[in-house]
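Source file start00.cif; content: mmCIF, C-alpha atoms and all ligand atoms.
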```cif
data_upload
#
loop_
_atom_site.label_atom_id
_atom_site.label_comp_id
_atom_site.auth_asym_id
_atom_site.auth_seq_id
_atom_site.Cartn_x
_atom_site.Cartn_y
_atom_site.Cartn_z
CA MET A 7 -5.53 -20.53 2.52
CA SER A 8 -5.59 -23.76 4.55
CA PRO A 9 -7.45 -23.70 7.87
CA LEU A 10 -4.16 -24.38 9.67
CA MET A 11 -2.48 -21.32 8.16
CA TYR A 12 -5.51 -19.34 9.08
CA VAL A 13 -5.17 -20.36 12.73
CA GLY A 14 -1.46 -19.52 12.56
CA ASP A 15 -2.29 -16.07 11.24
CA ILE A 16 -4.80 -15.51 13.99
CA LEU A 17 -2.30 -16.52 16.66
CA LYS A 18 0.30 -14.20 15.16
CA SER A 19 -2.04 -11.36 15.96
CA LEU A 20 -1.33 -12.02 19.65
CA ASP A 21 2.20 -10.70 19.15
CA ARG A 22 2.81 -7.16 20.27
CA ILE A 23 4.66 -4.38 18.48
CA PRO A 24 6.37 -2.05 21.00
CA SER A 25 5.18 1.50 20.40
CA GLY A 26 8.49 3.18 21.23
CA VAL A 27 6.66 5.64 23.49
CA PRO A 28 7.82 4.94 27.08
CA GLY A 29 4.81 4.08 29.26
CA LEU A 30 2.32 3.74 26.37
CA ASP A 31 2.58 -0.04 26.02
CA ASN A 32 1.32 -0.43 29.60
CA VAL A 33 -1.85 1.41 28.64
CA ILE A 34 -2.50 -0.50 25.40
CA GLY A 35 -2.12 -4.07 26.64
CA GLY A 36 1.58 -4.54 25.88
CA GLY A 37 1.97 -2.80 22.52
CA PHE A 38 0.30 -2.40 19.16
CA LEU A 39 -1.07 -5.41 17.29
CA PRO A 40 0.83 -6.26 14.12
CA GLY A 41 -0.78 -5.23 10.86
CA ARG A 42 -3.23 -2.81 12.48
CA VAL A 43 -3.85 0.86 11.84
CA TYR A 44 -3.80 3.33 14.73
CA LEU A 45 -4.93 6.93 14.71
CA VAL A 46 -3.09 9.50 16.86
CA THR A 47 -5.08 12.69 17.03
CA GLY A 48 -4.73 15.91 18.96
CA PRO A 49 -4.50 19.70 18.90
CA PRO A 50 -1.61 21.65 17.30
CA GLY A 51 1.80 20.97 18.83
CA SER A 52 0.47 18.15 20.99
CA GLY A 53 3.11 15.62 19.91
CA LYS A 54 1.48 13.64 17.09
CA THR A 55 4.50 13.77 14.79
CA THR A 56 6.86 13.03 17.69
CA ILE A 57 4.93 9.85 18.60
CA GLY A 58 5.07 8.79 14.94
CA VAL A 59 8.85 9.22 14.83
CA GLN A 60 9.28 7.39 18.17
CA PHE A 61 7.30 4.47 16.70
CA LEU A 62 9.62 4.24 13.68
CA VAL A 63 12.78 4.60 15.78
CA GLU A 64 11.64 1.71 17.99
CA GLY A 65 11.36 -0.54 14.93
CA ALA A 66 14.68 0.68 13.53
CA LYS A 67 16.43 -0.41 16.74
CA ASN A 68 15.57 -3.99 15.69
CA GLY A 69 16.39 -3.44 12.04
CA GLU A 70 12.72 -3.09 11.02
CA LYS A 71 12.32 -0.72 8.11
CA GLY A 72 10.18 2.35 8.77
CA LEU A 73 8.54 4.77 6.37
CA PHE A 74 7.36 8.28 7.26
CA VAL A 75 4.99 9.71 4.64
CA SER A 76 4.70 13.45 5.13
CA LEU A 77 1.68 15.17 3.66
CA VAL A 78 2.11 18.63 5.13
CA GLU A 79 5.49 19.45 6.57
CA ASN A 80 8.79 19.33 4.78
CA PRO A 81 10.49 16.19 6.16
CA LYS A 82 13.74 18.16 6.48
CA ILE A 83 12.08 20.40 9.05
CA ILE A 84 10.64 17.41 10.89
CA ILE A 85 14.06 15.73 11.01
CA GLN A 86 15.70 18.97 12.21
CA ASP A 87 13.10 19.30 15.00
CA MET A 88 13.56 15.66 16.06
CA LEU A 89 17.35 16.02 16.42
CA ARG A 90 16.85 17.53 19.86
CA TYR A 91 15.75 14.10 21.13
CA ASN A 92 18.07 11.15 21.84
CA PHE A 93 16.54 9.08 19.05
CA GLY A 94 19.70 8.55 16.99
CA LEU A 95 17.46 9.41 14.05
CA LEU A 96 20.21 10.55 11.68
CA GLY A 97 21.98 7.20 11.91
CA TYR A 98 18.78 5.35 10.98
CA ILE A 99 18.21 7.70 8.05
CA GLN A 100 21.79 7.23 6.85
CA SER A 101 21.49 3.44 7.11
CA LYS A 102 18.14 3.73 5.25
CA THR A 103 16.34 1.95 8.07
CA ILE A 104 13.98 4.92 8.27
CA ALA A 105 12.91 6.76 5.11
CA PHE A 106 11.02 10.06 4.94
CA HIS A 107 8.93 10.76 1.84
CA ASP A 108 7.61 14.20 1.03
CA LEU A 109 4.37 13.17 -0.68
CA GLY A 110 2.75 16.49 0.23
CA SER A 111 5.08 18.59 -1.90
CA HIS A 112 4.57 16.21 -4.81
CA LEU A 113 0.81 16.47 -4.50
CA LEU A 114 0.83 20.23 -4.17
CA ARG A 115 2.98 20.59 -7.29
CA ALA A 116 0.95 18.21 -9.43
CA GLU A 117 -1.59 19.82 -11.74
CA TYR A 118 -3.73 16.72 -11.63
CA ARG A 119 -5.62 16.20 -8.39
CA MET A 120 -5.60 12.63 -7.20
CA THR A 121 -8.57 10.62 -6.02
CA TRP A 122 -8.51 9.07 -2.54
CA ASN A 123 -7.79 5.72 -4.09
CA GLU A 124 -4.88 7.02 -6.17
CA LEU A 125 -3.44 8.71 -3.12
CA PHE A 126 -3.63 5.53 -1.04
CA ASN A 127 -2.14 3.54 -3.91
CA ALA A 128 0.76 6.01 -4.05
CA ILE A 129 1.38 5.37 -0.33
CA LEU A 130 1.16 1.60 -0.85
CA GLN A 131 3.73 1.89 -3.64
CA LEU A 132 6.09 3.78 -1.34
CA ILE A 133 5.62 1.07 1.30
CA GLU A 134 6.41 -1.62 -1.24
CA GLY A 135 9.44 0.30 -2.55
CA GLU A 136 10.85 0.72 0.96
CA LYS A 137 9.81 -2.75 2.15
CA ALA A 138 8.60 -0.99 5.28
CA LYS A 139 7.14 -2.87 8.25
CA ARG A 140 6.18 0.25 10.20
CA VAL A 141 4.54 3.23 8.52
CA VAL A 142 3.49 6.71 9.64
CA VAL A 143 1.18 8.91 7.54
CA ASP A 144 1.31 12.49 8.87
CA SER A 145 -1.10 14.19 8.72
CA PHE A 146 -4.14 12.55 7.36
CA THR A 147 -6.37 15.60 7.74
CA SER A 148 -4.57 17.44 4.99
CA MET A 149 -5.55 14.79 2.46
CA GLU A 150 -9.13 16.04 2.63
CA TYR A 151 -7.99 19.21 0.91
CA LEU A 152 -5.83 17.49 -1.68
CA VAL A 153 -8.15 14.93 -3.24
CA LYS A 154 -10.70 15.56 -5.92
CA ASP A 155 -13.29 13.08 -4.64
CA PRO A 156 -13.83 13.81 -0.92
CA GLU A 157 -17.07 11.81 -1.02
CA ASN A 158 -15.19 8.53 -1.57
CA LYS A 159 -13.12 8.77 1.59
CA ARG A 160 -14.73 6.05 3.69
CA TRP A 161 -14.69 3.49 0.89
CA ALA A 162 -11.09 4.21 -0.14
CA LEU A 163 -9.85 4.34 3.45
CA GLY A 164 -11.50 1.00 4.16
CA ARG A 165 -9.65 -0.52 1.17
CA PHE A 166 -6.36 1.06 2.27
CA ILE A 167 -6.69 -0.34 5.79
CA ARG A 168 -7.49 -3.79 4.38
CA ALA A 169 -4.40 -3.62 2.17
CA LEU A 170 -2.18 -2.66 5.13
CA GLN A 171 -3.60 -5.53 7.17
CA GLU A 172 -2.92 -7.99 4.33
CA LEU A 173 0.67 -6.73 4.07
CA GLU A 174 1.03 -6.92 7.88
CA ILE A 175 2.18 -3.33 8.06
CA THR A 176 1.64 -1.67 11.43
CA THR A 177 0.63 1.92 10.77
CA ILE A 178 0.11 5.16 12.65
CA ILE A 179 -1.93 7.84 10.94
CA THR A 180 -2.13 11.24 12.57
CA SER A 181 -4.98 13.68 12.29
CA GLU A 182 -5.75 17.12 13.54
CA MET A 183 -8.59 17.68 15.92
CA LEU A 184 -10.99 19.83 13.95
CA LYS A 185 -14.32 20.56 15.53
CA GLY A 186 -14.16 19.42 19.13
CA GLU A 187 -16.61 16.58 19.28
CA SER A 188 -16.93 15.62 15.62
CA TYR A 189 -15.53 12.22 14.71
CA THR A 190 -14.27 11.44 11.22
CA ASP A 191 -14.13 8.23 9.16
CA GLU A 192 -10.64 7.43 10.42
CA HIS A 193 -11.90 7.36 14.01
CA TYR A 194 -14.34 4.60 13.07
CA LEU A 195 -12.15 2.63 10.66
CA ALA A 196 -8.86 2.63 12.62
CA ASP A 197 -8.18 -0.32 14.94
CA GLY A 198 -7.22 2.04 17.72
CA VAL A 199 -7.56 5.73 18.50
CA ILE A 200 -5.20 7.64 20.80
CA VAL A 201 -6.22 11.19 21.66
CA ILE A 202 -3.82 13.78 23.06
CA HIS A 203 -5.43 16.48 25.19
CA HIS A 204 -4.15 19.60 26.84
CA PHE A 205 -5.58 21.74 29.59
CA MET A 206 -4.66 25.00 31.31
CA ARG A 207 -4.33 24.65 35.10
CA ASN A 208 -3.10 27.58 37.18
CA TYR A 209 -1.46 29.12 34.09
CA GLN A 210 0.30 25.81 33.40
CA MET A 211 -0.22 23.59 30.38
CA VAL A 212 -1.06 20.04 31.45
CA ARG A 213 -0.76 17.38 28.76
CA ALA A 214 -2.53 14.03 28.76
CA LEU A 215 -3.22 11.06 26.54
CA GLN A 216 -6.32 8.87 26.27
CA VAL A 217 -6.89 5.59 24.49
CA LEU A 218 -10.33 6.23 23.03
CA LYS A 219 -10.66 2.80 21.46
CA LEU A 220 -8.61 -0.32 20.86
CA HIS A 221 -10.13 -3.24 18.96
CA GLY A 222 -9.83 -6.57 20.72
CA VAL A 223 -7.69 -5.41 23.63
CA PRO A 224 -8.79 -4.65 27.19
CA HIS A 225 -7.31 -1.25 27.91
CA ASP A 226 -7.34 1.69 30.23
CA SER A 227 -9.27 4.65 28.77
CA ASN A 228 -8.54 7.04 31.62
CA LEU A 229 -6.49 10.16 31.00
CA LYS A 230 -2.75 9.62 31.56
CA ARG A 231 -0.30 12.44 32.07
CA ILE A 232 2.32 12.85 29.34
CA ARG A 233 5.49 14.91 29.23
CA PHE A 234 8.09 15.81 26.64
CA THR A 235 11.47 14.37 27.71
CA ASP A 236 14.83 13.92 25.98
CA GLU A 237 13.51 10.49 24.92
CA GLY A 238 10.45 12.07 23.29
CA ILE A 239 6.99 11.78 24.74
CA ARG A 240 6.63 9.69 27.89
CA VAL A 241 3.33 8.42 29.28
CA TYR A 242 2.88 8.25 33.07
CA GLN A 243 0.42 5.94 34.80
CA GLU A 244 -0.94 8.84 36.84
CA ALA A 245 -3.95 11.02 36.06
CA PRO A 246 -3.04 14.52 34.79
CA PHE A 247 -4.54 16.18 37.92
N1 LIG A 301 9.96 20.18 26.26
C1 LIG A 301 8.79 20.55 25.78
N2 LIG A 301 7.87 21.08 26.57
C2 LIG A 301 6.68 21.45 26.12
N3 LIG A 301 6.31 21.33 24.85
C3 LIG A 301 7.18 20.82 24.00
C4 LIG A 301 8.47 20.41 24.41
N4 LIG A 301 9.10 19.93 23.35
C5 LIG A 301 8.25 20.05 22.32
N5 LIG A 301 7.10 20.60 22.72
C6 LIG A 301 5.92 20.86 21.88
O1 LIG A 301 5.87 19.87 20.92
C7 LIG A 301 5.58 20.45 19.66
C8 LIG A 301 6.14 19.60 18.59
O2 LIG A 301 5.54 18.32 18.65
P1 LIG A 301 4.94 17.67 17.37
O3 LIG A 301 5.47 18.31 16.16
O4 LIG A 301 5.11 16.21 17.53
O5 LIG A 301 3.41 18.03 17.54
P2 LIG A 301 2.24 17.84 16.48
O6 LIG A 301 1.05 17.43 17.28
O7 LIG A 301 2.69 16.95 15.40
O8 LIG A 301 2.07 19.33 15.95
P3 LIG A 301 1.34 19.86 14.62
O9 LIG A 301 -0.11 19.87 14.94
O10 LIG A 301 1.91 21.22 14.46
O11 LIG A 301 1.72 18.92 13.52
C9 LIG A 301 6.19 21.80 19.73
O12 LIG A 301 5.55 22.70 18.87
C10 LIG A 301 5.97 22.17 21.17
O13 LIG A 301 4.71 22.77 21.31
MG MG A 302 2.79 17.26 13.35
#
```
Show me the file's structure as structure tokens.
Ligand SMILES: Nc1ncnc2c1ncn2[C@@H]1O[C@H](COP(=O)(O)OP(=O)(O)OP(=O)(O)O)[C@@H](O)[C@H]1O
Ligand SMILES: [Mg+2]
Amino acid sequence: MSPLMYVGDILKSLDRIPSGVPGLDNVIGGGFLPGRVYLVTGPPGSGKTTIGVQFLVEGAKNGEKGLFVSLVENPKIIIQDMLRYNFGLLGYIQSKTIAFHDLGSHLLRAEYRMTWNELFNAILQLIEGEKAKRVVVDSFTSMEYLVKDPENKRWALGRFIRALQELEITTIITSEMLKGESYTDEHYLADGVIVIHHFMRNYQMVRALQVLKLHGVPHDSNLKRIRFTDEGIRVYQEAPF
């Protein structure tokens, strides 16, 4: 690579990829960085999958191909649940701008258990097949129970993230929050970590989002209130209480 191309590549990283989540771009310095991997983590039903779908829909509006790799839920159920929002999702699926792949059912059926590396290679093949520019892998946590070499996670994940960066694929991986304070490899290796929290206040559920880390971008790490709307999850600039 010539030094000039290298500079060009570095400057390209100043572009921003709109997240598709109203209000979120204000908190993350204008949008995601192209070719980076972001982790969205939170408790059950907090909106991780919804944010992933919003991210793909935003790309699809501009004709960018999106790939949703499902490792737990049946994509049909996810699509059914998402029809209540004004995403126009069915149109994008019909035009093949967004593709859902049920990798989980394939893995559960297979007699042979994959290694981390084989699993990531399978995802990379799907990305190549779909020529996707935006990718969601939902949920990452379940992979821990599917692979036969859990000890190789950090190494294989590092390679996977490198490969996505080389291909300039902007990716959201989701993970479940397991044991309160314990951080996992994906927290350290991802370029950004967004945590969804919820609290009970006067018998009311209050939802909030926090940008825990964001490589190379000054950002606001304070809790921001979020709400489910007809446009999916919306982030407000205000504190949750
Ligand atoms: N209008 C709403 N008000 C409050 N909560 C809502 C509303 N719409 C959806 N939800 C919540 O959002 C959840 C679905 O969001 P989503 O599937 O994105 O969450 P998730 O974090 O991916 O969940 P899981 O951990 O089960 O994968 C529902 O189970 C419900 O709890
Ligand atoms: Mg989910």
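Residues lying within 9 Å of segment 129-132 of chain A, counting all atoms listed in the file and ignoring same-chain neighbours fewer than 4 positions away, are Leu73, Val75, His107, Leu109, Glu124, Leu125, Glu136, Lys137, Ala138, Val143, Phe166, Ala169 and Leu170 of chain A.
Taking atom CA of Val46 of chain A and atom CA of Ser101 of chain A as endpoints, the distance between them is 27.1 Å.
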Produce a table with one row for each residue of chain A that has an atom at most 6 Å from any atom of ligand LIG 301 (chain A), each row naming the nearest atom pair and its distance in Å at one decimal; use all atoms listed in the file; arrange rows by chain and rising residue number; format as JSON lines.
```
{"residue": "A:Pro49", "atom": "CA", "partner": "A:LIG301", "partner_atom": "O9", "distance": 5.9}
{"residue": "A:Pro50", "atom": "CA", "partner": "A:LIG301", "partner_atom": "O9", "distance": 3.3}
{"residue": "A:Gly51", "atom": "CA", "partner": "A:LIG301", "partner_atom": "O8", "distance": 3.3}
{"residue": "A:Ser52", "atom": "CA", "partner": "A:LIG301", "partner_atom": "O6", "distance": 3.8}
{"residue": "A:Gly53", "atom": "CA", "partner": "A:LIG301", "partner_atom": "O4", "distance": 3.2}
{"residue": "A:Lys54", "atom": "CA", "partner": "A:LIG301", "partner_atom": "O6", "distance": 3.8}
{"residue": "A:Thr55", "atom": "CA", "partner": "A:LIG301", "partner_atom": "O7", "distance": 3.7}
{"residue": "A:Thr56", "atom": "CA", "partner": "A:LIG301", "partner_atom": "O4", "distance": 3.6}
{"residue": "A:Phe234", "atom": "CA", "partner": "A:LIG301", "partner_atom": "N1", "distance": 4.8}
```
Store the residues picked out above in a file with C-alpha atoms, as a PDB file, in the coordinates of the input.
```pdb
ATOM      1  CA  PRO A  49      -4.500  19.700  18.900  1.00  0.00           C
ATOM      2  CA  PRO A  50      -1.610  21.650  17.300  1.00  0.00           C
ATOM      3  CA  GLY A  51       1.800  20.970  18.830  1.00  0.00           C
ATOM      4  CA  SER A  52       0.470  18.150  20.990  1.00  0.00           C
ATOM      5  CA  GLY A  53       3.110  15.620  19.910  1.00  0.00           C
ATOM      6  CA  LYS A  54       1.480  13.640  17.090  1.00  0.00           C
ATOM      7  CA  THR A  55       4.500  13.770  14.790  1.00  0.00           C
ATOM      8  CA  THR A  56       6.860  13.030  17.690  1.00  0.00           C
ATOM      9  CA  PHE A 234       8.090  15.810  26.640  1.00  0.00           C
TER      10      PHE A 234
END
```
The residue from A:Glu182, A:Phe93, A:Gln60, A:Gly164 with the smallest atom-to-atom distance to ligand MG 302 (chain A), counting all atoms listed in the file, is A:Glu182
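Here the question is which of A:Thr180, A:Ser111, A:Ala214, A:His193 gets nearest to Ile57 of chain A using all atoms listed in the file, and that residue is A:Thr180.
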Report task. Excluding Arg233 of chain A and any residue of its chain fewer than 3 positions from it, enumerate the residues within 10 Å of it, using only C-alpha atoms, and give them as a count of residues only. Result -> 11
Computed gap from atom CA of Thr235 of chain A to atom CA of Gly69 of chain A is 24.2 Å
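Around Val78 of chain A, within 7 Å and counting all atoms listed in the file, the residues found are Gly110, Ser145 and Ser148 of chain A, once anything fewer than 5 positions away on its own chain is removed.
Using only C-alpha atoms, the nearest neighbour of Tyr151 of chain A within the list A:Leu163, A:Leu229, A:Leu114, A:Ala128 is A:Leu114.
Minimum distance to Asp87 of chain A across A:Val223, A:Val59, A:Ile179, A:Val27 (counting all atoms listed in the file) occurs at A:Val59.
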Any idea what's packed within 9 Å of Ser25 of chain A, counting all atoms listed in the file, ignoring anything in its chain fewer than 6 positions away? Could you give it as a PDB file with C-alpha atoms, keeping the file's coordinate frame?
```pdb
ATOM      1  CA  ASP A  31       2.580  -0.040  26.020  1.00  0.00           C
ATOM      2  CA  GLY A  36       1.580  -4.540  25.880  1.00  0.00           C
ATOM      3  CA  GLY A  37       1.970  -2.800  22.520  1.00  0.00           C
ATOM      4  CA  PHE A  38       0.300  -2.400  19.160  1.00  0.00           C
ATOM      5  CA  ILE A  57       4.930   9.850  18.600  1.00  0.00           C
ATOM      6  CA  GLN A  60       9.280   7.390  18.170  1.00  0.00           C
ATOM      7  CA  PHE A  61       7.300   4.470  16.700  1.00  0.00           C
ATOM      8  CA  LEU A  62       9.620   4.240  13.680  1.00  0.00           C
ATOM      9  CA  GLU A  64      11.640   1.710  17.990  1.00  0.00           C
ATOM     10  CA  GLY A  65      11.360  -0.540  14.930  1.00  0.00           C
TER      11      GLY A  65
END
```
